[in-house]
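Visitor: This is work09.txt, which holds compact mmCIF, C-alpha atoms:
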# COMPACT_ATOMS: atom_id res chain seq x y z
CA MET A 1 -14.00 -40.15 8.13
CA PRO A 2 -11.52 -37.33 8.73
CA ALA A 3 -12.52 -34.50 10.99
CA ALA A 4 -12.20 -31.17 9.23
CA ALA A 5 -10.42 -29.78 12.28
CA GLN A 6 -7.60 -32.29 11.79
CA ILE A 7 -6.87 -31.27 8.22
CA ARG A 8 -4.25 -28.58 7.76
CA VAL A 9 -5.13 -26.44 4.73
CA MET A 10 -3.17 -23.89 2.77
CA VAL A 11 -5.10 -21.33 0.71
CA VAL A 12 -3.07 -19.77 -2.09
CA ASP A 13 -4.44 -16.79 -4.00
CA ASP A 14 -2.99 -13.41 -4.88
CA GLN A 15 -6.25 -11.71 -3.93
CA MET A 16 -6.64 -11.22 -0.23
CA THR A 17 -10.41 -10.92 -0.65
CA MET A 18 -10.61 -14.35 -2.27
CA ARG A 19 -8.38 -15.91 0.37
CA SER A 20 -10.66 -14.45 2.99
CA LEU A 21 -13.75 -15.92 1.30
CA VAL A 22 -12.19 -19.37 1.07
CA ARG A 23 -11.05 -19.18 4.68
CA THR A 24 -14.53 -18.18 5.83
CA GLY A 25 -16.01 -21.11 3.91
CA LEU A 26 -13.51 -23.53 5.38
CA GLN A 27 -14.20 -22.28 8.89
CA GLN A 28 -17.92 -22.82 8.32
CA LEU A 29 -17.08 -26.43 7.44
CA GLY A 30 -15.17 -26.90 10.66
CA PHE A 31 -11.61 -26.38 9.46
CA GLN A 32 -9.41 -24.71 12.02
CA ASP A 33 -5.85 -25.12 10.82
CA ILE A 34 -5.78 -22.77 7.83
CA VAL A 35 -2.81 -20.87 6.46
CA GLU A 36 -2.81 -18.38 3.59
CA THR A 37 -0.21 -17.25 1.09
CA PRO A 38 -0.41 -14.82 -1.86
CA ASP A 39 1.62 -16.79 -4.42
CA GLY A 40 2.96 -20.21 -5.29
CA GLU A 41 6.55 -19.46 -4.43
CA GLU A 42 5.73 -18.49 -0.87
CA ALA A 43 3.33 -21.43 -0.60
CA LEU A 44 6.03 -23.85 -1.67
CA ARG A 45 8.51 -22.41 0.77
CA GLN A 46 6.05 -22.76 3.65
CA ILE A 47 4.90 -26.26 2.69
CA LEU A 48 8.48 -27.51 2.50
CA SER A 49 9.11 -26.27 6.02
CA ARG A 50 5.74 -27.35 7.40
CA PRO A 51 3.64 -29.75 5.29
CA VAL A 52 -0.10 -29.40 4.85
CA HIS A 53 -2.75 -32.01 4.02
CA LEU A 54 -4.62 -29.92 1.48
CA VAL A 55 -3.71 -27.05 -0.85
CA ILE A 56 -6.50 -24.93 -2.34
CA SER A 57 -4.79 -22.78 -4.92
CA ASP A 58 -5.67 -20.24 -7.57
CA PHE A 59 -3.94 -20.57 -10.93
CA ASN A 60 -3.40 -16.98 -12.01
CA MET A 61 -0.78 -15.70 -9.61
CA PRO A 62 2.44 -13.72 -9.87
CA ARG A 63 5.82 -15.41 -9.47
CA LEU A 64 4.93 -19.12 -9.28
CA ASP A 65 1.39 -19.80 -10.55
CA GLY A 66 -0.88 -22.62 -9.45
CA MET A 67 0.29 -25.01 -12.15
CA GLY A 68 3.89 -24.40 -11.20
CA LEU A 69 3.09 -25.00 -7.54
CA LEU A 70 1.29 -28.25 -8.37
CA ARG A 71 4.19 -29.42 -10.51
CA ALA A 72 6.70 -28.59 -7.78
CA LEU A 73 4.73 -30.42 -5.10
CA ARG A 74 4.21 -33.53 -7.23
CA SER A 75 7.88 -33.75 -8.16
CA HIS A 76 9.10 -33.62 -4.58
CA GLY A 77 8.78 -36.91 -2.69
CA PRO A 78 7.57 -35.70 0.70
CA THR A 79 4.91 -33.43 -0.83
CA SER A 80 3.98 -35.54 -3.84
CA LYS A 81 0.81 -36.89 -2.21
CA THR A 82 -0.45 -33.55 -0.87
CA ALA A 83 -4.10 -33.12 -1.84
CA PHE A 84 -4.47 -30.26 -4.31
CA ILE A 85 -7.68 -28.50 -5.35
CA MET A 86 -7.31 -25.82 -7.95
CA LEU A 87 -9.38 -22.67 -8.10
CA THR A 88 -10.21 -21.46 -11.55
CA GLY A 89 -12.08 -18.44 -12.84
CA ARG A 90 -13.69 -20.33 -15.67
CA ALA A 91 -14.54 -23.90 -16.50
CA ASP A 92 -11.48 -23.97 -18.75
CA LYS A 93 -11.32 -27.54 -20.00
CA GLU A 94 -7.79 -27.29 -21.35
CA LEU A 95 -6.48 -25.89 -18.08
CA VAL A 96 -8.24 -28.53 -16.01
CA GLN A 97 -7.00 -31.34 -18.25
CA LYS A 98 -3.45 -30.09 -17.95
CA ALA A 99 -3.85 -29.96 -14.18
CA VAL A 100 -5.26 -33.49 -14.18
CA GLN A 101 -2.19 -34.69 -16.05
CA LEU A 102 -0.07 -33.09 -13.35
CA GLY A 103 -2.03 -34.89 -10.67
CA VAL A 104 -4.55 -32.35 -9.36
CA ASN A 105 -7.16 -33.95 -7.10
CA ASN A 106 -10.09 -31.72 -7.92
CA TYR A 107 -11.01 -28.24 -9.12
CA LEU A 108 -13.38 -25.49 -8.07
CA VAL A 109 -14.86 -22.91 -10.42
CA LYS A 110 -15.29 -19.45 -8.93
CA PRO A 111 -17.66 -18.16 -7.70
CA PHE A 112 -18.55 -21.19 -5.60
CA THR A 113 -20.78 -21.87 -2.64
CA VAL A 114 -19.70 -23.33 0.68
CA GLN A 115 -21.68 -26.44 -0.22
CA THR A 116 -19.67 -26.86 -3.45
CA LEU A 117 -16.45 -26.34 -1.52
CA LYS A 118 -17.54 -29.06 0.87
CA GLU A 119 -18.40 -31.46 -1.94
CA LYS A 120 -15.06 -30.93 -3.64
CA ILE A 121 -13.12 -31.52 -0.44
CA GLU A 122 -15.19 -34.61 0.41
CA ALA A 123 -14.53 -35.97 -3.08
CA VAL A 124 -10.85 -36.00 -2.11
CA PHE A 125 -10.94 -36.87 1.60
CA GLY A 126 -14.25 -38.65 1.99
CA LYS A 127 -17.12 -37.46 4.18
CA LEU A 128 -16.09 -34.83 6.68
CA THR A 129 -17.28 -35.35 10.20
CA MET B 1 -4.54 -7.53 -29.86
CA THR B 2 -8.30 -7.57 -30.09
CA PRO B 3 -10.54 -6.72 -27.16
CA ASP B 4 -11.23 -9.66 -24.90
CA ALA B 5 -14.90 -9.40 -24.09
CA PHE B 6 -16.83 -12.00 -22.18
CA ARG B 7 -19.69 -11.55 -24.60
CA SER B 8 -18.46 -12.44 -28.06
CA ASP B 9 -20.90 -10.07 -29.74
CA ALA B 10 -20.08 -7.18 -27.45
CA PHE B 11 -17.57 -5.61 -29.81
CA ARG B 12 -18.50 -3.60 -32.85
CA SER B 13 -17.27 -0.72 -34.98
CA ASP B 14 -19.48 2.24 -35.73
CA PRO B 15 -19.55 4.13 -39.02
CA ALA B 16 -17.28 6.87 -37.70
CA GLY B 17 -14.55 4.32 -37.12
CA SER B 18 -14.54 4.34 -33.35
CA LYS B 19 -15.07 1.03 -31.64
CA ARG B 20 -17.57 0.48 -28.86
CA ILE B 21 -18.11 -2.24 -26.33
CA HIS B 22 -21.26 -2.20 -24.26
CA VAL B 23 -20.62 -3.90 -20.92
CA VAL B 24 -23.82 -5.15 -19.30
CA GLN B 25 -24.27 -6.61 -15.84
CA GLY B 26 -22.15 -9.67 -15.22
CA GLU B 27 -19.76 -8.94 -18.07
CA PHE B 28 -16.34 -7.45 -18.45
CA ALA B 29 -14.07 -6.45 -21.32
CA VAL B 30 -10.43 -5.49 -21.76
CA THR B 31 -8.49 -3.96 -24.62
CA ASP B 32 -5.23 -2.38 -25.67
CA ASP B 33 -6.82 -0.54 -28.58
CA PRO B 34 -6.80 3.25 -27.97
CA ASP B 35 -9.81 3.70 -30.23
CA VAL B 36 -12.05 1.46 -28.15
CA MET B 37 -14.69 3.07 -25.96
CA MET B 38 -16.52 0.99 -23.36
CA GLY B 39 -19.95 2.06 -22.23
CA THR B 40 -22.51 1.01 -19.69
CA ILE B 41 -25.58 2.24 -17.84
CA LEU B 42 -25.55 2.00 -14.07
CA GLY B 43 -28.23 2.27 -11.44
CA SER B 44 -27.37 0.49 -8.22
CA CYS B 45 -24.75 -1.59 -10.07
CA VAL B 46 -21.09 -0.62 -9.97
CA ALA B 47 -18.55 -0.57 -12.80
CA ALA B 48 -14.82 -0.57 -12.23
CA CYS B 49 -12.85 1.20 -14.95
CA MET B 50 -9.25 -0.02 -14.71
CA ARG B 51 -6.11 0.68 -16.68
CA ASP B 52 -2.38 0.22 -16.56
CA PRO B 53 -0.94 3.36 -18.16
CA LEU B 54 2.45 1.81 -18.76
CA ALA B 55 1.21 -1.39 -20.39
CA GLY B 56 -1.40 0.58 -22.32
CA VAL B 57 -4.26 -1.74 -21.44
CA GLY B 58 -7.52 -1.25 -19.63
CA GLY B 59 -10.96 -2.63 -19.09
CA MET B 60 -14.33 -2.40 -17.42
CA ASN B 61 -16.63 -4.70 -15.48
CA HIS B 62 -20.21 -4.26 -14.30
CA PHE B 63 -21.45 -6.06 -11.22
CA LEU B 64 -24.32 -6.22 -8.78
CA LEU B 65 -24.18 -7.95 -5.44
CA PRO B 66 -27.29 -10.01 -4.68
CA GLY B 67 -28.17 -7.75 -1.79
CA GLU B 68 -31.84 -8.60 -1.65
CA ARG B 69 -31.15 -12.24 -1.06
CA GLU B 70 -28.48 -11.59 1.51
CA PRO B 71 -29.07 -8.19 3.06
CA THR B 72 -26.10 -8.46 5.34
CA GLY B 73 -23.77 -8.60 2.37
CA GLY B 74 -22.12 -11.73 3.72
CA PRO B 75 -19.66 -13.98 1.96
CA GLN B 76 -22.26 -15.55 -0.29
CA ALA B 77 -23.14 -12.14 -1.68
CA LEU B 78 -19.58 -10.90 -1.86
CA ARG B 79 -18.36 -13.77 -3.97
CA TYR B 80 -20.06 -12.33 -7.07
CA GLY B 81 -18.33 -9.00 -6.70
CA VAL B 82 -15.01 -10.67 -6.00
CA GLN B 83 -15.44 -12.88 -9.03
CA SER B 84 -16.22 -9.95 -11.29
CA MET B 85 -13.14 -8.08 -10.08
CA GLU B 86 -10.94 -11.13 -10.42
CA LEU B 87 -12.00 -11.84 -13.99
CA LEU B 88 -11.21 -8.29 -15.00
CA LEU B 89 -7.91 -8.24 -13.13
CA ASN B 90 -6.75 -11.58 -14.53
CA ALA B 91 -7.62 -10.51 -18.08
CA LEU B 92 -5.58 -7.34 -17.60
CA TYR B 93 -2.66 -9.26 -16.10
CA ARG B 94 -2.67 -11.55 -19.12
CA MET B 95 -2.27 -8.47 -21.32
CA GLY B 96 0.72 -7.26 -19.35
CA ALA B 97 -0.85 -5.13 -16.63
CA ARG B 98 0.71 -5.08 -13.17
CA ARG B 99 -1.30 -4.66 -10.00
CA GLU B 100 0.94 -1.95 -8.59
CA ARG B 101 0.45 0.22 -11.67
CA LEU B 102 -3.31 -0.14 -11.95
CA GLU B 103 -5.51 2.94 -11.73
CA VAL B 104 -9.19 2.39 -11.00
CA LYS B 105 -12.23 4.62 -11.18
CA LEU B 106 -15.46 3.33 -9.66
CA PHE B 107 -18.90 4.43 -10.82
CA GLY B 108 -22.47 3.65 -9.84
CA GLY B 109 -23.98 2.40 -6.64
CA ALA B 110 -26.89 4.83 -6.75
CA ARG B 111 -30.01 4.57 -4.67
CA VAL B 112 -32.28 4.69 -7.66
CA ILE B 113 -35.61 3.81 -6.08
CA ASP B 114 -36.75 5.17 -2.74
CA GLY B 115 -38.08 2.83 -0.12
CA LEU B 116 -36.12 -0.25 -1.09
CA SER B 117 -32.99 -1.63 0.51
CA ASP B 118 -29.94 0.36 -0.51
CA VAL B 119 -28.23 -2.19 -2.69
CA GLY B 120 -26.32 0.61 -4.38
CA GLN B 121 -24.62 1.51 -1.13
CA GLN B 122 -23.61 -2.14 -0.64
CA ASN B 123 -22.16 -2.30 -4.14
CA ALA B 124 -20.28 0.97 -3.73
CA ALA B 125 -18.91 -0.04 -0.35
CA PHE B 126 -17.84 -3.40 -1.70
CA GLY B 127 -15.95 -1.78 -4.58
CA GLU B 128 -14.09 0.61 -2.30
CA ARG B 129 -13.32 -2.08 0.26
CA PHE B 130 -12.08 -4.50 -2.39
CA LEU B 131 -9.61 -2.00 -3.83
CA ALA B 132 -8.38 -1.01 -0.38
CA SER B 133 -7.96 -4.65 0.67
CA GLU B 134 -6.08 -5.57 -2.47
CA GLY B 135 -3.89 -2.47 -2.44
CA ILE B 136 -5.14 -1.28 -5.82
CA ARG B 137 -5.14 2.45 -6.37
CA MET B 138 -8.49 4.19 -6.72
CA VAL B 139 -7.91 7.43 -8.59
CA GLY B 140 -11.44 8.70 -9.01
CA GLY B 141 -14.97 7.94 -10.03
CA SER B 142 -18.45 8.75 -8.86
CA LEU B 143 -20.35 6.56 -6.42
CA ARG B 144 -23.72 6.61 -4.65
CA GLY B 145 -26.19 9.47 -5.07
CA ASP B 146 -29.69 8.93 -6.34
CA GLN B 147 -29.30 9.13 -10.10
CA ALA B 148 -28.53 6.50 -12.67
CA ARG B 149 -25.48 7.10 -14.82
CA ARG B 150 -24.33 6.50 -18.36
CA ILE B 151 -20.58 5.85 -18.39
CA GLN B 152 -18.21 5.99 -21.34
CA PHE B 153 -14.66 4.84 -20.75
CA TRP B 154 -11.64 4.89 -23.03
CA PRO B 155 -9.50 2.20 -21.36
CA VAL B 156 -6.12 3.02 -22.87
CA SER B 157 -6.20 6.75 -22.08
CA GLY B 158 -8.23 6.38 -18.91
CA ARG B 159 -10.64 9.10 -19.94
CA VAL B 160 -14.17 8.72 -18.59
CA ARG B 161 -17.32 10.60 -19.45
CA GLN B 162 -20.28 10.40 -17.08
CA MET B 163 -23.81 11.51 -17.85
CA ALA B 164 -26.55 11.58 -15.25
CA LEU B 165 -29.78 9.96 -16.40
CA VAL B 166 -32.46 12.23 -15.05
CA ASP B 167 -35.37 9.86 -15.33
CA PRO B 168 -34.26 6.32 -16.10
CA GLY B 169 -37.47 5.10 -14.52
CA ARG B 170 -38.29 1.78 -13.05
CA GLN B 171 -37.12 0.03 -16.21
CA LEU B 172 -33.48 0.43 -15.22
CA PHE B 173 -34.09 -0.91 -11.75
CA GLU B 174 -36.04 -3.85 -13.06
CA ALA B 175 -33.41 -4.54 -15.69
CA GLU B 176 -30.78 -4.74 -12.98
CA ARG B 177 -32.96 -7.04 -10.93
CA ALA B 178 -34.02 -9.19 -13.86
CA LYS B 179 -30.49 -10.43 -14.51
CA PRO B 180 -29.32 -11.59 -11.14
CA VAL B 181 -25.61 -11.51 -10.90
CA PRO B 182 -23.81 -14.45 -12.33
CA VAL B 183 -20.58 -13.32 -13.84
CA GLN B 184 -19.63 -16.81 -14.84
CA PRO B 185 -21.18 -20.22 -14.53
CA ALA B 186 -21.46 -20.77 -10.80
CA ASP B 187 -21.03 -24.49 -11.04
CA ASP B 188 -18.64 -26.80 -12.79
CA GLY B 189 -20.34 -26.64 -16.14
CA GLU B 190 -19.78 -29.55 -18.43
CA LEU B 191 -16.37 -30.50 -17.15
CA GLU B 192 -16.67 -33.93 -15.62
CA LEU B 193 -13.12 -35.05 -15.13
CA PHE B 194 -13.26 -36.40 -11.60
Write the structure described by the file as structure tokens, please.
Guide:
Amino acid sequence: MPAAAQIRVMVVDDQMTMRSLVRTGLQQLGFQDIVETPDGEEALRQILSRPVHLVISDFNMPRLDGMGLLRALRSHGPTSKTAFIMLTGRADKELVQKAVQLGVNNYLVKPFTVQTLKEKIEAVFGKLT
Amino acid sequence: MTPDAFRSDAFRSDPAGSKRIHVVQGEFAVTDDPDVMMGTILGSCVAACMRDPLAGVGGMNHFLLPGEREPTGGPQALRYGVQSMELLLNALYRMGARRERLEVKLFGGARVIDGLSDVGQQNAAFGERFLASEGIRMVGGSLRGDQARRIQFWPVSGRVRQMALVDPGRQLFEAERAKPVPVQPADDGELELF
């Protein structure tokens, strides 16, 4: 069982308020190593220089969107196994299916509770200690 | 492009040819049609009237934070307001709007019933704080006070008409309370892919 504190997480969303909400939720779950970026391009740049274990990313973002970020990570050897949970505004089946084809690990429909966030992360990493 | 309203039956034409969308709590709508007027009635709820003058698009949402259940206005309460704003913003972005060009007017947040917790103040403060945090320009509006409001908004021109409702009565308050918050399904719905 991984300890939440050992998992390095990147939160990617163009809305600062949403990033703040996700960060607060993660901190409540015991995560300590959390970085934030406002778009996929910046996220990719940072991940390539310092890898993370988990990316929680919105899909509607300027420059590189969430799908583009997922595609870029999966196509690059060192980051191809990075866990990726997508944030979506609606339970958009087509969007989720496309993300699944690209190798997304899970998805989270906004607005979500901390409990749901926990369940989605545990579905990827196993029970958090 | 036709208006993109969360409620499919929200759009209609009236005999005079103008087009109206009534935006109730938990909903939003966007349009690029200059003839469309969006309307709503607000007590302690808040509506954000947004437009991008260059792209010629605009829209309105209508939200209420669940203040009674979480009086401190913590993250669990805020997520509904954030979600409502995000849905409206994303719909506008899809129609060509850009964040840096957006103009927003906020309305509502009244203390409509004495003696109860001031949910209106929480909603108004959230709206102002959200726009400031996200760097989105607030160009006007009318928040707080103790009267309910009827708002009419023409999204493409940005024109807004506000009418104070002198005696909306308890019905308005109860209507706001009867439909608690959800802007969208709060869970994963029927998608079972994992």
Visitor: Counting all atoms listed in the file, which of B:Gln25, B:Asn123, B:Asn90, B:Ser157 gets nearest to chain A?
Guide: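 The answer is B:Asn90, which sits nearest to chain A.
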Visitor: Only residues of chain A matter here; which ones have an atom within 10 Å of chain B, counting only C-alpha atoms? Give them as an MDAnalysis selection string.
Guide: chainID A and resid 14:18 20:22 24:25 60:62 89:93 96:97 100 104:114 116 120 123:124
Visitor: For the residues in that selection, give me C-alpha atoms as a short mmCIF file (atom, residue, chain, number, x, y, z; two decimals), in the frame of the given file.
Guide:
data_model
loop_
_atom_site.label_atom_id
_atom_site.label_comp_id
_atom_site.auth_asym_id
_atom_site.auth_seq_id
_atom_site.Cartn_x
_atom_site.Cartn_y
_atom_site.Cartn_z
CA ASP A 14 -2.99 -13.41 -4.88
CA GLN A 15 -6.25 -11.71 -3.93
CA MET A 16 -6.64 -11.22 -0.23
CA THR A 17 -10.41 -10.92 -0.65
CA MET A 18 -10.61 -14.35 -2.27
CA SER A 20 -10.66 -14.45 2.99
CA LEU A 21 -13.75 -15.92 1.30
CA VAL A 22 -12.19 -19.37 1.07
CA THR A 24 -14.53 -18.18 5.83
CA GLY A 25 -16.01 -21.11 3.91
CA ASN A 60 -3.40 -16.98 -12.01
CA MET A 61 -0.78 -15.70 -9.61
CA PRO A 62 2.44 -13.72 -9.87
CA GLY A 89 -12.08 -18.44 -12.84
CA ARG A 90 -13.69 -20.33 -15.67
CA ALA A 91 -14.54 -23.90 -16.50
CA ASP A 92 -11.48 -23.97 -18.75
CA LYS A 93 -11.32 -27.54 -20.00
CA VAL A 96 -8.24 -28.53 -16.01
CA GLN A 97 -7.00 -31.34 -18.25
CA VAL A 100 -5.26 -33.49 -14.18
CA VAL A 104 -4.55 -32.35 -9.36
CA ASN A 105 -7.16 -33.95 -7.10
CA ASN A 106 -10.09 -31.72 -7.92
CA TYR A 107 -11.01 -28.24 -9.12
CA LEU A 108 -13.38 -25.49 -8.07
CA VAL A 109 -14.86 -22.91 -10.42
CA LYS A 110 -15.29 -19.45 -8.93
CA PRO A 111 -17.66 -18.16 -7.70
CA PHE A 112 -18.55 -21.19 -5.60
CA THR A 113 -20.78 -21.87 -2.64
CA VAL A 114 -19.70 -23.33 0.68
CA THR A 116 -19.67 -26.86 -3.45
CA LYS A 120 -15.06 -30.93 -3.64
CA ALA A 123 -14.53 -35.97 -3.08
CA VAL A 124 -10.85 -36.00 -2.11
#
Visitor: Rounded to one decimal, what separation in Å do you get between atom CA of A:Lys118 and atom CA of A:Leu44?
Guide: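 Those two atoms sit 24.3 Å apart.
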Visitor: Report, in Å with one decimal, the straight-line distance from atom CA of B:Asp118 to atom CA of B:Thr40.
Guide: 20.6 Å
Visitor: Can you work out the spacing between atom CA of B:Ala164 and atom CA of B:Phe107 in Å, to one decimal?
Guide: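 Distance reported for this atom pair: 11.4 Å.
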Visitor: Pick out the closest residue to A:Glu122 from this set: A:Leu29, A:Glu36, A:Gln46, A:Leu95. Count all atoms listed in the file.
Guide: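 Once distances to A:Glu122 are computed over all atoms listed in the file, the minimum belongs to A:Leu29.
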Visitor: Find, counting only C-alpha atoms, the residue in A:Ala99, A:Leu54, A:Met67, A:Val35 that gets nearest to A:Thr82.
Guide: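 Closest to A:Thr82, using only C-alpha atoms: A:Leu54.
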Visitor: Write out, as JSON lines, each residue of stretch 119-178 of chain B that has an atom at most 12 Å from stretch 53-60 of chain B, together with the closest pair of atoms and their distance in Å to one decimal, counting all atoms listed in the file, rows going by chain and rising number.
Guide:
{"residue": "B:Ile151", "atom": "CA", "partner": "B:Met60", "partner_atom": "CA", "distance": 10.4}
{"residue": "B:Gln152", "atom": "CA", "partner": "B:Met60", "partner_atom": "CA", "distance": 10.0}
{"residue": "B:Phe153", "atom": "CA", "partner": "B:Met60", "partner_atom": "CA", "distance": 8.0}
{"residue": "B:Trp154", "atom": "CA", "partner": "B:Gly58", "partner_atom": "CA", "distance": 8.1}
{"residue": "B:Pro155", "atom": "CA", "partner": "B:Gly58", "partner_atom": "CA", "distance": 4.3}
{"residue": "B:Val156", "atom": "CA", "partner": "B:Val57", "partner_atom": "CA", "distance": 5.3}
{"residue": "B:Ser157", "atom": "CA", "partner": "B:Pro53", "partner_atom": "CA", "distance": 7.4}
{"residue": "B:Gly158", "atom": "CA", "partner": "B:Gly58", "partner_atom": "CA", "distance": 7.7}
{"residue": "B:Arg159", "atom": "CA", "partner": "B:Gly58", "partner_atom": "CA", "distance": 10.8}
{"residue": "B:Val160", "atom": "CA", "partner": "B:Met60", "partner_atom": "CA", "distance": 11.2}
Visitor: Any idea what's packed within 10 Å of stretch 144-146 of chain B, counting all atoms listed in the file, ignoring anything in its chain fewer than 6 positions away? Could you give it as a VMD selection string?
Guide: chain B and resid 43 to 46 107 to 114 118 120 to 125 164 166
